[in-house]
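Asker: Enclosed is the structure file data.csv (CSV, C-alpha atoms).
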```csv
chain,number,residue,atom,x,y,z
A,195,MET,CA,50.6,184.7,-19.7
A,196,GLU,CA,49.6,188.3,-19.5
A,197,ILE,CA,48.9,190.0,-22.8
A,198,PRO,CA,50.9,193.2,-22.9
A,199,TYR,CA,49.5,196.7,-23.4
A,200,THR,CA,45.8,196.0,-23.3
A,201,THR,CA,45.2,199.1,-21.2
A,202,GLN,CA,48.6,200.8,-20.7
A,203,PRO,CA,50.0,202.6,-23.7
A,204,ARG,CA,53.1,201.2,-25.4
A,205,PRO,CA,56.0,203.5,-24.9
A,206,ASP,CA,56.9,203.7,-28.6
A,207,THR,CA,53.4,204.2,-30.0
A,208,GLY,CA,51.8,206.0,-27.1
A,209,LEU,CA,48.7,203.8,-27.6
A,210,TYR,CA,47.4,200.5,-26.3
A,211,ASN,CA,48.0,197.7,-28.9
A,212,ALA,CA,44.4,197.1,-29.9
A,213,LYS,CA,44.0,200.7,-31.1
A,214,VAL,CA,46.9,200.5,-33.4
A,215,GLY,CA,45.6,197.2,-34.7
A,216,ILE,CA,42.1,198.5,-35.4
A,217,TRP,CA,43.4,201.5,-37.3
A,218,LEU,CA,45.7,199.3,-39.4
A,219,PHE,CA,42.6,197.1,-40.1
A,220,LEU,CA,40.5,200.2,-41.0
A,221,ALA,CA,43.3,201.4,-43.3
A,222,SER,CA,43.0,198.1,-45.2
A,223,GLU,CA,39.2,198.5,-45.2
A,224,VAL,CA,39.5,202.0,-46.8
A,225,MET,CA,41.4,200.4,-49.7
A,226,LEU,CA,38.9,197.5,-50.0
A,227,PHE,CA,36.0,199.9,-50.4
A,228,GLY,CA,38.2,202.3,-52.3
A,229,ALA,CA,38.7,199.6,-55.0
A,230,LEU,CA,34.9,199.1,-55.2
A,231,PHE,CA,34.2,202.8,-55.4
A,232,SER,CA,36.9,203.0,-58.2
A,233,SER,CA,35.0,200.2,-60.0
A,234,TYR,CA,31.8,202.2,-59.6
A,235,ILE,CA,33.4,205.2,-61.2
A,236,LEU,CA,34.8,203.1,-64.1
A,237,LEU,CA,31.4,201.5,-64.7
A,238,ARG,CA,29.5,204.7,-64.5
A,239,VAL,CA,31.7,206.8,-66.9
A,240,GLY,CA,31.9,203.8,-69.2
A,241,ALA,CA,28.1,203.4,-69.5
A,242,GLU,CA,26.4,204.2,-72.8
A,243,PRO,CA,24.9,207.7,-72.7
A,244,GLY,CA,21.4,207.5,-71.2
A,245,PHE,CA,22.0,204.0,-69.8
A,246,TRP,CA,23.1,204.8,-66.2
A,247,PRO,CA,20.0,204.4,-64.0
A,248,HIS,CA,18.4,207.3,-62.1
A,249,GLY,CA,15.6,206.8,-59.6
A,250,TRP,CA,15.8,203.1,-59.3
A,251,LEU,CA,16.2,203.1,-55.6
A,252,ASN,CA,13.6,204.3,-53.0
A,253,VAL,CA,15.1,207.5,-51.6
A,254,PRO,CA,12.8,207.8,-48.5
A,255,VAL,CA,13.7,204.2,-47.6
A,256,GLY,CA,17.4,204.9,-48.1
A,257,THR,CA,17.2,208.1,-46.1
A,258,ALA,CA,15.5,206.3,-43.3
A,259,ASN,CA,18.3,203.7,-43.3
A,260,THR,CA,20.9,206.5,-43.3
A,261,LEU,CA,19.2,208.0,-40.2
A,262,VAL,CA,19.1,204.6,-38.5
A,263,LEU,CA,22.8,204.1,-39.0
A,264,ILE,CA,23.7,207.7,-37.9
A,265,THR,CA,21.6,207.1,-34.7
A,266,SER,CA,23.4,203.8,-34.1
A,267,SER,CA,26.7,205.7,-34.3
A,268,ILE,CA,25.6,208.1,-31.5
A,269,THR,CA,24.4,205.3,-29.3
A,270,THR,CA,27.7,203.5,-29.8
A,271,VAL,CA,29.8,206.5,-28.7
A,272,MET,CA,27.4,207.2,-25.8
A,273,ALA,CA,27.8,203.5,-24.7
A,274,TRP,CA,31.6,204.1,-24.6
A,275,ALA,CA,31.2,207.5,-22.8
A,276,SER,CA,28.9,205.8,-20.3
A,277,LEU,CA,31.6,203.4,-19.4
A,278,LYS,CA,34.1,206.2,-19.1
A,279,MET,CA,31.7,207.8,-16.6
A,280,ASN,CA,31.4,204.4,-14.7
A,281,ASN,CA,27.8,204.0,-15.6
A,282,PHE,CA,27.4,200.4,-16.6
A,283,SER,CA,23.6,200.3,-16.8
A,284,LYS,CA,23.6,203.2,-19.3
A,285,PHE,CA,26.2,201.4,-21.3
A,286,LYS,CA,23.9,198.4,-21.5
A,287,PHE,CA,21.0,200.6,-22.6
A,288,TYR,CA,22.9,202.4,-25.3
A,289,HIS,CA,24.5,199.3,-26.7
A,290,ALA,CA,21.1,197.5,-26.7
A,291,CYS,CA,19.9,200.4,-28.9
A,292,THR,CA,22.9,200.0,-31.2
A,293,ILE,CA,22.1,196.4,-31.7
A,294,LEU,CA,18.5,197.1,-32.4
A,295,PHE,CA,19.4,199.9,-34.9
A,296,ALA,CA,21.8,197.4,-36.6
A,297,LEU,CA,19.0,194.9,-37.0
A,298,THR,CA,16.7,197.6,-38.2
A,299,PHE,CA,19.2,198.6,-40.9
A,300,VAL,CA,19.6,195.0,-42.0
A,301,CYS,CA,15.8,194.5,-42.1
A,302,ILE,CA,15.3,197.6,-44.2
A,303,LYS,CA,18.1,196.6,-46.6
A,304,SER,CA,16.6,193.1,-46.9
A,305,TYR,CA,13.3,194.7,-47.8
A,306,GLU,CA,15.1,196.7,-50.5
A,307,TYR,CA,16.8,193.6,-51.9
A,308,HIS,CA,13.5,191.7,-51.9
A,309,ASP,CA,12.0,194.6,-53.9
A,310,LYS,CA,14.7,194.3,-56.5
A,311,PHE,CA,14.5,190.5,-56.8
A,312,THR,CA,10.8,190.7,-57.5
A,313,HIS,CA,11.0,193.6,-59.9
A,314,TYR,CA,10.9,192.5,-63.6
A,315,GLU,CA,12.0,194.0,-66.9
A,316,VAL,CA,10.2,192.3,-69.8
A,317,ALA,CA,11.3,192.8,-73.4
A,318,LEU,CA,8.3,192.3,-75.7
A,319,ALA,CA,8.3,190.9,-79.2
A,320,ASN,CA,7.0,194.2,-80.5
A,321,GLY,CA,10.1,196.1,-79.3
A,322,LYS,CA,8.4,197.6,-76.2
A,323,PHE,CA,9.3,197.0,-72.6
A,324,VAL,CA,7.2,196.3,-69.5
A,325,ASP,CA,8.7,197.1,-66.1
A,326,GLY,CA,7.2,196.3,-62.7
A,327,HIS,CA,6.5,193.9,-59.9
A,328,MET,CA,4.7,190.6,-60.8
A,329,LYS,CA,1.2,190.5,-59.4
A,330,GLU,CA,-0.1,187.4,-61.0
A,331,ASN,CA,2.0,184.6,-62.4
A,332,LYS,CA,0.2,182.2,-64.8
A,333,LEU,CA,3.3,181.5,-66.9
A,334,VAL,CA,3.9,177.8,-67.5
A,335,MET,CA,6.8,176.2,-69.3
A,336,LYS,CA,5.6,173.2,-71.2
A,337,ASP,CA,7.8,171.1,-73.6
A,338,GLY,CA,10.2,174.1,-73.8
A,339,VAL,CA,7.4,176.5,-74.8
A,340,LEU,CA,6.2,179.2,-72.5
A,341,THR,CA,2.4,179.5,-72.2
A,342,GLY,CA,-0.1,181.5,-70.1
A,343,TYR,CA,0.3,185.1,-69.0
A,344,ALA,CA,1.6,187.3,-66.2
A,345,VAL,CA,0.2,190.6,-64.7
A,346,PHE,CA,2.7,193.3,-63.7
A,347,SER,CA,2.1,196.4,-61.6
A,348,GLY,CA,4.3,199.0,-63.4
A,349,HIS,CA,4.7,200.6,-66.8
A,350,GLU,CA,4.9,199.9,-70.5
A,351,VAL,CA,7.5,202.0,-72.4
A,352,GLU,CA,8.4,202.4,-76.0
A,353,GLU,CA,12.2,202.2,-75.5
A,354,ARG,CA,14.5,200.5,-73.0
A,355,SER,CA,16.3,203.8,-72.3
A,356,HIS,CA,13.1,205.2,-70.9
A,357,LEU,CA,13.5,202.8,-68.0
A,358,TYR,CA,16.8,204.3,-67.0
A,359,ASP,CA,15.4,207.7,-65.9
A,360,LEU,CA,12.1,206.9,-64.3
A,361,LYS,CA,11.7,210.4,-62.9
A,362,LYS,CA,11.9,211.9,-66.4
A,363,HIS,CA,9.7,209.4,-68.2
A,364,HIS,CA,7.1,208.3,-65.7
A,365,THR,CA,5.1,211.0,-63.9
A,366,LYS,CA,1.9,208.9,-63.6
A,367,GLY,CA,1.6,206.1,-61.0
A,368,HIS,CA,1.8,202.4,-61.6
A,369,GLU,CA,-0.8,200.6,-63.7
A,370,GLU,CA,-1.6,196.9,-64.2
A,371,VAL,CA,-0.1,195.5,-67.4
A,372,LYS,CA,-1.1,192.0,-68.6
A,373,VAL,CA,1.5,190.2,-70.7
A,374,GLU,CA,0.8,187.1,-72.7
A,375,ALA,CA,3.6,184.5,-72.8
A,376,ALA,CA,3.7,184.6,-76.6
A,377,GLU,CA,4.6,188.4,-76.4
A,378,ILE,CA,7.6,187.8,-74.1
A,379,LYS,CA,11.0,187.9,-75.8
A,380,ARG,CA,13.2,188.1,-72.7
A,381,MET,CA,12.4,188.6,-69.0
A,382,ASP,CA,14.6,189.0,-65.9
A,383,THR,CA,14.6,190.6,-62.4
A,384,TYR,CA,16.6,193.5,-61.1
A,385,GLY,CA,19.1,191.2,-59.4
A,386,PRO,CA,22.9,191.7,-59.6
A,387,TRP,CA,22.9,190.0,-63.1
A,388,HIS,CA,20.6,192.7,-64.6
A,389,ASN,CA,23.2,195.3,-65.5
A,390,THR,CA,26.4,196.9,-64.3
A,391,TYR,CA,24.5,199.3,-62.0
A,392,THR,CA,22.7,196.5,-60.1
A,393,ALA,CA,26.0,194.5,-60.1
A,394,ILE,CA,27.9,197.3,-58.3
A,395,TYR,CA,24.9,198.2,-56.2
A,396,PHE,CA,24.6,194.7,-54.8
A,397,THR,CA,28.4,194.3,-54.4
A,398,LEU,CA,28.8,197.6,-52.5
A,399,THR,CA,25.7,197.4,-50.3
A,400,GLY,CA,26.1,193.6,-49.8
A,401,LEU,CA,29.7,194.0,-48.6
A,402,HIS,CA,28.6,196.9,-46.4
A,403,ALA,CA,25.7,194.8,-45.0
A,404,LEU,CA,28.2,192.1,-44.1
A,405,HIS,CA,30.2,194.6,-42.2
A,406,VAL,CA,27.0,195.7,-40.4
A,407,ILE,CA,26.2,192.1,-39.5
A,408,GLY,CA,29.8,191.4,-38.4
A,409,GLY,CA,29.9,194.6,-36.3
A,410,ALA,CA,26.5,193.8,-34.7
A,411,LEU,CA,27.7,190.3,-33.7
A,412,VAL,CA,30.8,191.7,-32.0
A,413,ILE,CA,28.8,194.4,-30.3
A,414,GLY,CA,26.2,191.8,-29.3
A,415,PHE,CA,28.9,189.7,-27.7
A,416,LEU,CA,30.3,192.6,-25.8
A,417,TRP,CA,26.8,193.6,-24.7
A,418,GLY,CA,26.0,190.1,-23.5
A,419,PRO,CA,28.6,187.5,-22.3
A,420,GLY,CA,31.6,189.7,-23.1
A,421,SER,CA,30.4,192.4,-20.6
A,422,LYS,CA,31.5,190.2,-17.6
A,423,LEU,CA,35.0,191.5,-18.2
A,424,PHE,CA,33.8,194.9,-16.8
A,425,ARG,CA,33.7,193.4,-13.3
A,426,THR,CA,37.2,192.2,-13.4
A,427,ASP,CA,39.0,194.6,-15.7
A,428,PRO,CA,36.8,197.7,-16.5
A,429,GLU,CA,39.5,199.6,-18.3
A,430,ARG,CA,40.3,196.8,-20.7
A,431,PHE,CA,36.5,196.3,-21.3
A,432,THR,CA,36.1,200.0,-22.0
A,433,ASN,CA,38.9,199.8,-24.5
A,434,ARG,CA,37.2,196.9,-26.2
A,435,ILE,CA,34.1,199.0,-26.6
A,436,GLU,CA,36.1,201.8,-28.0
A,437,ILE,CA,37.7,199.4,-30.6
A,438,SER,CA,34.3,197.9,-31.6
A,439,GLY,CA,33.0,201.5,-31.8
A,440,LEU,CA,35.7,202.6,-34.1
A,441,PHE,CA,34.8,199.8,-36.5
A,442,TRP,CA,31.1,200.7,-36.2
A,443,HIS,CA,31.8,204.4,-37.0
A,444,PHE,CA,33.8,203.3,-40.1
A,445,VAL,CA,30.7,201.3,-41.3
A,446,ASP,CA,28.6,204.4,-40.8
A,447,LEU,CA,31.3,206.5,-42.7
A,448,VAL,CA,31.2,204.2,-45.7
A,449,TRP,CA,27.4,204.4,-45.8
A,450,ILE,CA,27.6,208.3,-45.8
A,451,PHE,CA,29.2,208.0,-49.2
A,452,LEU,CA,27.2,205.0,-50.5
A,453,PHE,CA,23.9,206.7,-49.9
A,454,PRO,CA,24.3,209.7,-52.2
A,455,VAL,CA,26.3,207.8,-54.8
A,456,LEU,CA,23.8,205.0,-55.2
A,457,TYR,CA,20.5,206.6,-54.3
A,458,LEU,CA,20.7,210.2,-55.3
A,459,LEU,CA,23.2,210.8,-58.1
B,226,MET,CA,42.6,210.8,-27.3
B,227,SER,CA,43.4,211.0,-23.7
B,228,ASP,CA,41.9,208.0,-21.8
B,229,ALA,CA,42.1,209.4,-18.3
B,230,HIS,CA,39.2,211.9,-18.2
B,231,ALA,CA,37.3,212.3,-15.0
B,232,PRO,CA,33.6,211.4,-15.3
B,233,GLU,CA,32.4,215.0,-14.8
B,234,HIS,CA,34.7,216.1,-17.6
B,235,PHE,CA,33.0,213.6,-19.9
B,236,SER,CA,29.7,215.5,-19.8
B,237,HIS,CA,31.3,218.1,-22.1
B,238,HIS,CA,32.2,215.3,-24.6
B,239,VAL,CA,28.6,213.9,-24.4
B,240,ARG,CA,27.2,217.4,-25.3
B,241,ARG,CA,29.6,217.6,-28.2
B,242,TYR,CA,28.6,214.1,-29.5
B,243,LEU,CA,25.0,215.2,-29.5
B,244,TYR,CA,25.8,218.4,-31.5
B,245,VAL,CA,27.6,216.2,-34.0
B,246,PHE,CA,24.6,213.9,-34.2
B,247,TYR,CA,22.3,216.8,-34.9
B,248,ALA,CA,24.7,218.0,-37.6
B,249,LEU,CA,24.7,214.6,-39.2
B,250,ILE,CA,21.0,214.5,-39.3
B,251,PHE,CA,20.9,218.0,-40.8
B,252,GLY,CA,23.6,216.9,-43.3
B,253,THR,CA,21.5,214.0,-44.4
B,254,VAL,CA,18.4,216.2,-44.9
B,255,ILE,CA,20.5,218.7,-46.9
B,256,THR,CA,22.0,215.9,-49.1
B,257,VAL,CA,18.5,214.6,-50.0
B,258,GLY,CA,17.2,218.2,-50.6
B,259,ALA,CA,20.2,219.1,-52.7
B,260,SER,CA,19.6,216.1,-55.0
B,261,TYR,CA,16.3,217.6,-56.1
B,262,ILE,CA,17.9,221.0,-57.0
B,263,ASN,CA,19.3,221.6,-60.5
B,264,PHE,CA,22.7,223.2,-60.1
B,265,GLY,CA,23.1,223.7,-63.8
B,266,THR,CA,25.1,220.6,-64.8
B,267,TYR,CA,24.9,217.2,-63.3
B,268,SER,CA,28.6,217.4,-62.4
B,269,TRP,CA,27.7,220.2,-59.9
B,270,ASN,CA,25.0,218.0,-58.3
B,271,ILE,CA,27.7,215.3,-57.9
B,272,ALA,CA,30.2,217.8,-56.4
B,273,VAL,CA,27.6,219.2,-54.0
B,274,ALA,CA,26.6,215.8,-52.8
B,275,LEU,CA,30.2,214.7,-52.3
B,276,VAL,CA,31.2,217.9,-50.5
B,277,ILE,CA,28.3,217.4,-48.0
B,278,ALA,CA,29.3,213.7,-47.6
B,279,CYS,CA,32.9,214.8,-46.9
B,280,GLY,CA,31.6,217.2,-44.3
B,281,LYS,CA,29.6,214.4,-42.6
B,282,ALA,CA,32.6,212.0,-42.9
B,283,PHE,CA,34.8,214.7,-41.2
B,284,LEU,CA,32.3,214.9,-38.3
B,285,VAL,CA,32.2,211.1,-37.8
B,286,ALA,CA,35.9,210.6,-38.1
B,287,GLY,CA,36.9,213.7,-36.2
B,288,TYR,CA,34.5,213.5,-33.2
B,289,PHE,CA,33.0,210.0,-33.0
B,290,MET,CA,36.3,208.3,-33.9
B,291,HIS,CA,38.3,211.0,-32.0
B,292,LEU,CA,40.7,211.8,-34.9
B,293,ILE,CA,40.8,215.5,-34.0
B,294,SER,CA,42.9,214.6,-31.0
B,295,GLU,CA,44.7,211.4,-31.8
B,296,ARG,CA,48.3,210.2,-31.4
B,297,LYS,CA,50.9,210.8,-34.2
B,298,MET,CA,51.0,207.0,-34.8
B,299,ILE,CA,47.4,207.0,-36.0
B,300,TYR,CA,47.9,210.0,-38.2
B,301,GLY,CA,50.9,208.3,-39.7
B,302,ILE,CA,48.8,205.2,-40.6
B,303,LEU,CA,46.1,207.4,-42.1
B,304,ALA,CA,48.6,209.5,-44.1
B,305,PHE,CA,49.7,206.3,-45.9
B,306,THR,CA,46.1,205.3,-46.4
B,307,ALA,CA,45.2,208.7,-47.8
B,308,PHE,CA,48.2,208.6,-50.2
B,309,PHE,CA,47.2,205.3,-51.7
B,310,PHE,CA,43.5,206.1,-51.7
B,311,VAL,CA,44.1,209.4,-53.5
B,312,GLY,CA,46.4,207.6,-55.9
B,313,LEU,CA,43.8,205.0,-56.6
B,314,MET,CA,41.1,207.6,-57.4
B,315,ALA,CA,43.6,209.7,-59.4
B,316,LEU,CA,44.4,206.7,-61.6
B,317,THR,CA,40.7,206.0,-62.0
B,318,ILE,CA,40.0,209.6,-63.1
B,319,TRP,CA,43.2,209.7,-65.2
B,320,HIS,CA,42.0,206.6,-67.3
B,321,TYR,CA,39.0,208.7,-68.4
B,322,HIS,CA,41.2,211.0,-70.3
B,323,ASP,CA,43.8,208.5,-71.5
B,324,PHE,CA,42.9,207.2,-74.9
B,325,PRO,CA,45.1,205.5,-77.5
B,326,MET,CA,45.9,208.0,-80.3
B,327,PHE,CA,43.4,208.4,-83.2
B,328,THR,CA,40.5,206.8,-81.2
B,329,SER,CA,37.3,208.5,-80.3
B,330,THR,CA,37.0,210.7,-77.2
B,331,HIS,CA,34.1,211.0,-74.7
```
Would it be possible to restate this file's structure as structure tokens?

Answerer:
Amino acid sequence: MEIPYTTQPRPDTGLYNAKVGIWLFLASEVMLFGALFSSYILLRVGAEPGFWPHGWLNVPVGTANTLVLITSSITTVMAWASLKMNNFSKFKFYHACTILFALTFVCIKSYEYHDKFTHYEVALANGKFVDGHMKENKLVMKDGVLTGYAVFSGHEVEERSHLYDLKKHHTKGHEEVKVEAAEIKRMDTYGPWHNTYTAIYFTLTGLHALHVIGGALVIGFLWGPGSKLFRTDPERFTNRIEISGLFWHFVDLVWIFLFPVLYLL
Amino acid sequence: MSDAHAPEHFSHHVRRYLYVFYALIFGTVITVGASYINFGTYSWNIAVALVIACGKAFLVAGYFMHLISERKMIYGILAFTAFFFVGLMALTIWHYHDFPMFTSTH
């Protein structure tokens, strides 16, 4: 059975069906991310004064990832334009670039996640706090008692609030801080469990990264085995590229807001 | 967007896509630069960053997603989306000023 309106516009909508479908899907995606942005606002305005983090994320790395995603958007639209100009080899080139940029984005994001999962905040028995990456771990739990020591590359601060604005309170570079087990009152990493900021950061960027991976899989299929359709039905294939491109641009659009909200403000 | 362009006509589109790409790169640089400037209050920094982000979003949606020349049907779908999205954000902001009587304010 022939699927109707894959290339020809439907008389009542003036569009081929997949285009209406993708826009309806994107409308639902706006509400999905909208709900999470709304949660972000609620968490941020509800935070105790001085306890919403500033400077916790690496701005140059985030900027680089933003540029990677923007560049992947232009290669996506150029891939579609190449098909419109009947240049299949250029389409192949541009979409190969899109896939590479998508992988680059995910790799950079993974590096950032790893950085957070290996970053510790240690509350000391004397009321001070040590913050940094663990360089040496000689901590041993024996019969329910923690013994040994750990060395961190970071800072020691008087109050926890000082960790929430690193730009303001830490002008000097990292230093090595040795912490004895007996001094440790509480210790955890900057994972999603750390506070409401890391919770919403991992939720928003994790959901976004899933979209990047999903989009890259679809684009990868259309670049590889799916591209056979171009030989038999070029117009339908071009429409598929347009639809996957619309999704990809939406992913880019979400990141345009995520970047300043999470990294800069 | 019309889907029946001749290949030679498309070179105009390609040039436009490249200009949009350069504008997006420039917008990203401006966003980062503006975050290091003190605009007086932090609210102004947030406003400036969001205005730049909206400008970039307009470029992506308008040109890469071809919304500047789409069919009415798509605009209809997006009008509903915009209504509910704005409603969601308005409720979120409204809650900030909505306190039970005789309780502390921000």

Asker: Mind checking which residues fall within 12 Å of Lys281 in chain B, counting only C-alpha atoms, ignoring those fewer than 5 positions away in the same chain, and posting them as a ChimeraX atom specification?

Answerer: /A:260,264,443,446-451,454 /B:245-256,274-276,286-289

Asker: Can you check which residues of chain A have any atom within 8 Å of chain B? Use all atoms listed in the file and format it as an mmCIF file with C-alpha atoms, in the frame of the given file.

Answerer:
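The new file result.cif reads:
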```cif
data_model
loop_
_atom_site.group_PDB
_atom_site.id
_atom_site.type_symbol
_atom_site.label_atom_id
_atom_site.label_comp_id
_atom_site.auth_asym_id
_atom_site.auth_seq_id
_atom_site.Cartn_x
_atom_site.Cartn_y
_atom_site.Cartn_z
ATOM 1 C CA THR A 207 53.400 204.200 -30.000
ATOM 2 C CA GLY A 208 51.800 206.000 -27.100
ATOM 3 C CA LEU A 209 48.700 203.800 -27.600
ATOM 4 C CA VAL A 214 46.900 200.500 -33.400
ATOM 5 C CA TRP A 217 43.400 201.500 -37.300
ATOM 6 C CA LEU A 218 45.700 199.300 -39.400
ATOM 7 C CA ALA A 221 43.300 201.400 -43.300
ATOM 8 C CA SER A 222 43.000 198.100 -45.200
ATOM 9 C CA VAL A 224 39.500 202.000 -46.800
ATOM 10 C CA MET A 225 41.400 200.400 -49.700
ATOM 11 C CA GLY A 228 38.200 202.300 -52.300
ATOM 12 C CA ALA A 229 38.700 199.600 -55.000
ATOM 13 C CA SER A 232 36.900 203.000 -58.200
ATOM 14 C CA ILE A 235 33.400 205.200 -61.200
ATOM 15 C CA LEU A 236 34.800 203.100 -64.100
ATOM 16 C CA VAL A 239 31.700 206.800 -66.900
ATOM 17 C CA THR A 257 17.200 208.100 -46.100
ATOM 18 C CA THR A 260 20.900 206.500 -43.300
ATOM 19 C CA LEU A 261 19.200 208.000 -40.200
ATOM 20 C CA ILE A 264 23.700 207.700 -37.900
ATOM 21 C CA THR A 265 21.600 207.100 -34.700
ATOM 22 C CA SER A 267 26.700 205.700 -34.300
ATOM 23 C CA ILE A 268 25.600 208.100 -31.500
ATOM 24 C CA VAL A 271 29.800 206.500 -28.700
ATOM 25 C CA MET A 272 27.400 207.200 -25.800
ATOM 26 C CA ALA A 275 31.200 207.500 -22.800
ATOM 27 C CA LYS A 278 34.100 206.200 -19.100
ATOM 28 C CA MET A 279 31.700 207.800 -16.600
ATOM 29 C CA ASN A 280 31.400 204.400 -14.700
ATOM 30 C CA GLY A 439 33.000 201.500 -31.800
ATOM 31 C CA LEU A 440 35.700 202.600 -34.100
ATOM 32 C CA HIS A 443 31.800 204.400 -37.000
ATOM 33 C CA PHE A 444 33.800 203.300 -40.100
ATOM 34 C CA LEU A 447 31.300 206.500 -42.700
ATOM 35 C CA ILE A 450 27.600 208.300 -45.800
ATOM 36 C CA PHE A 451 29.200 208.000 -49.200
ATOM 37 C CA PRO A 454 24.300 209.700 -52.200
ATOM 38 C CA LEU A 458 20.700 210.200 -55.300
ATOM 39 C CA LEU A 459 23.200 210.800 -58.100
#
```

Asker: Take the point (17.6, 206.8, -70.1) as written in the file and pick out every residue within 12 Å of it, counting only C-alpha atoms; give the list as a count of residues only.

Answerer: 24

Asker: May I have the residues within 8 Å of range 405-418 of chain A as a PyMOL selection string, using all atoms listed in the file and disregarding those fewer than 4 positions away in the same chain?

Answerer: chain A and resi 286+289-290+292-293+296-297+300+401+435+438+441-442+445

Asker: Just how far from CA of Arg241 in chain B is CA of Thr298 in chain A, in Å to one decimal?

Answerer: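 These atoms are spaced 25.8 Å apart.
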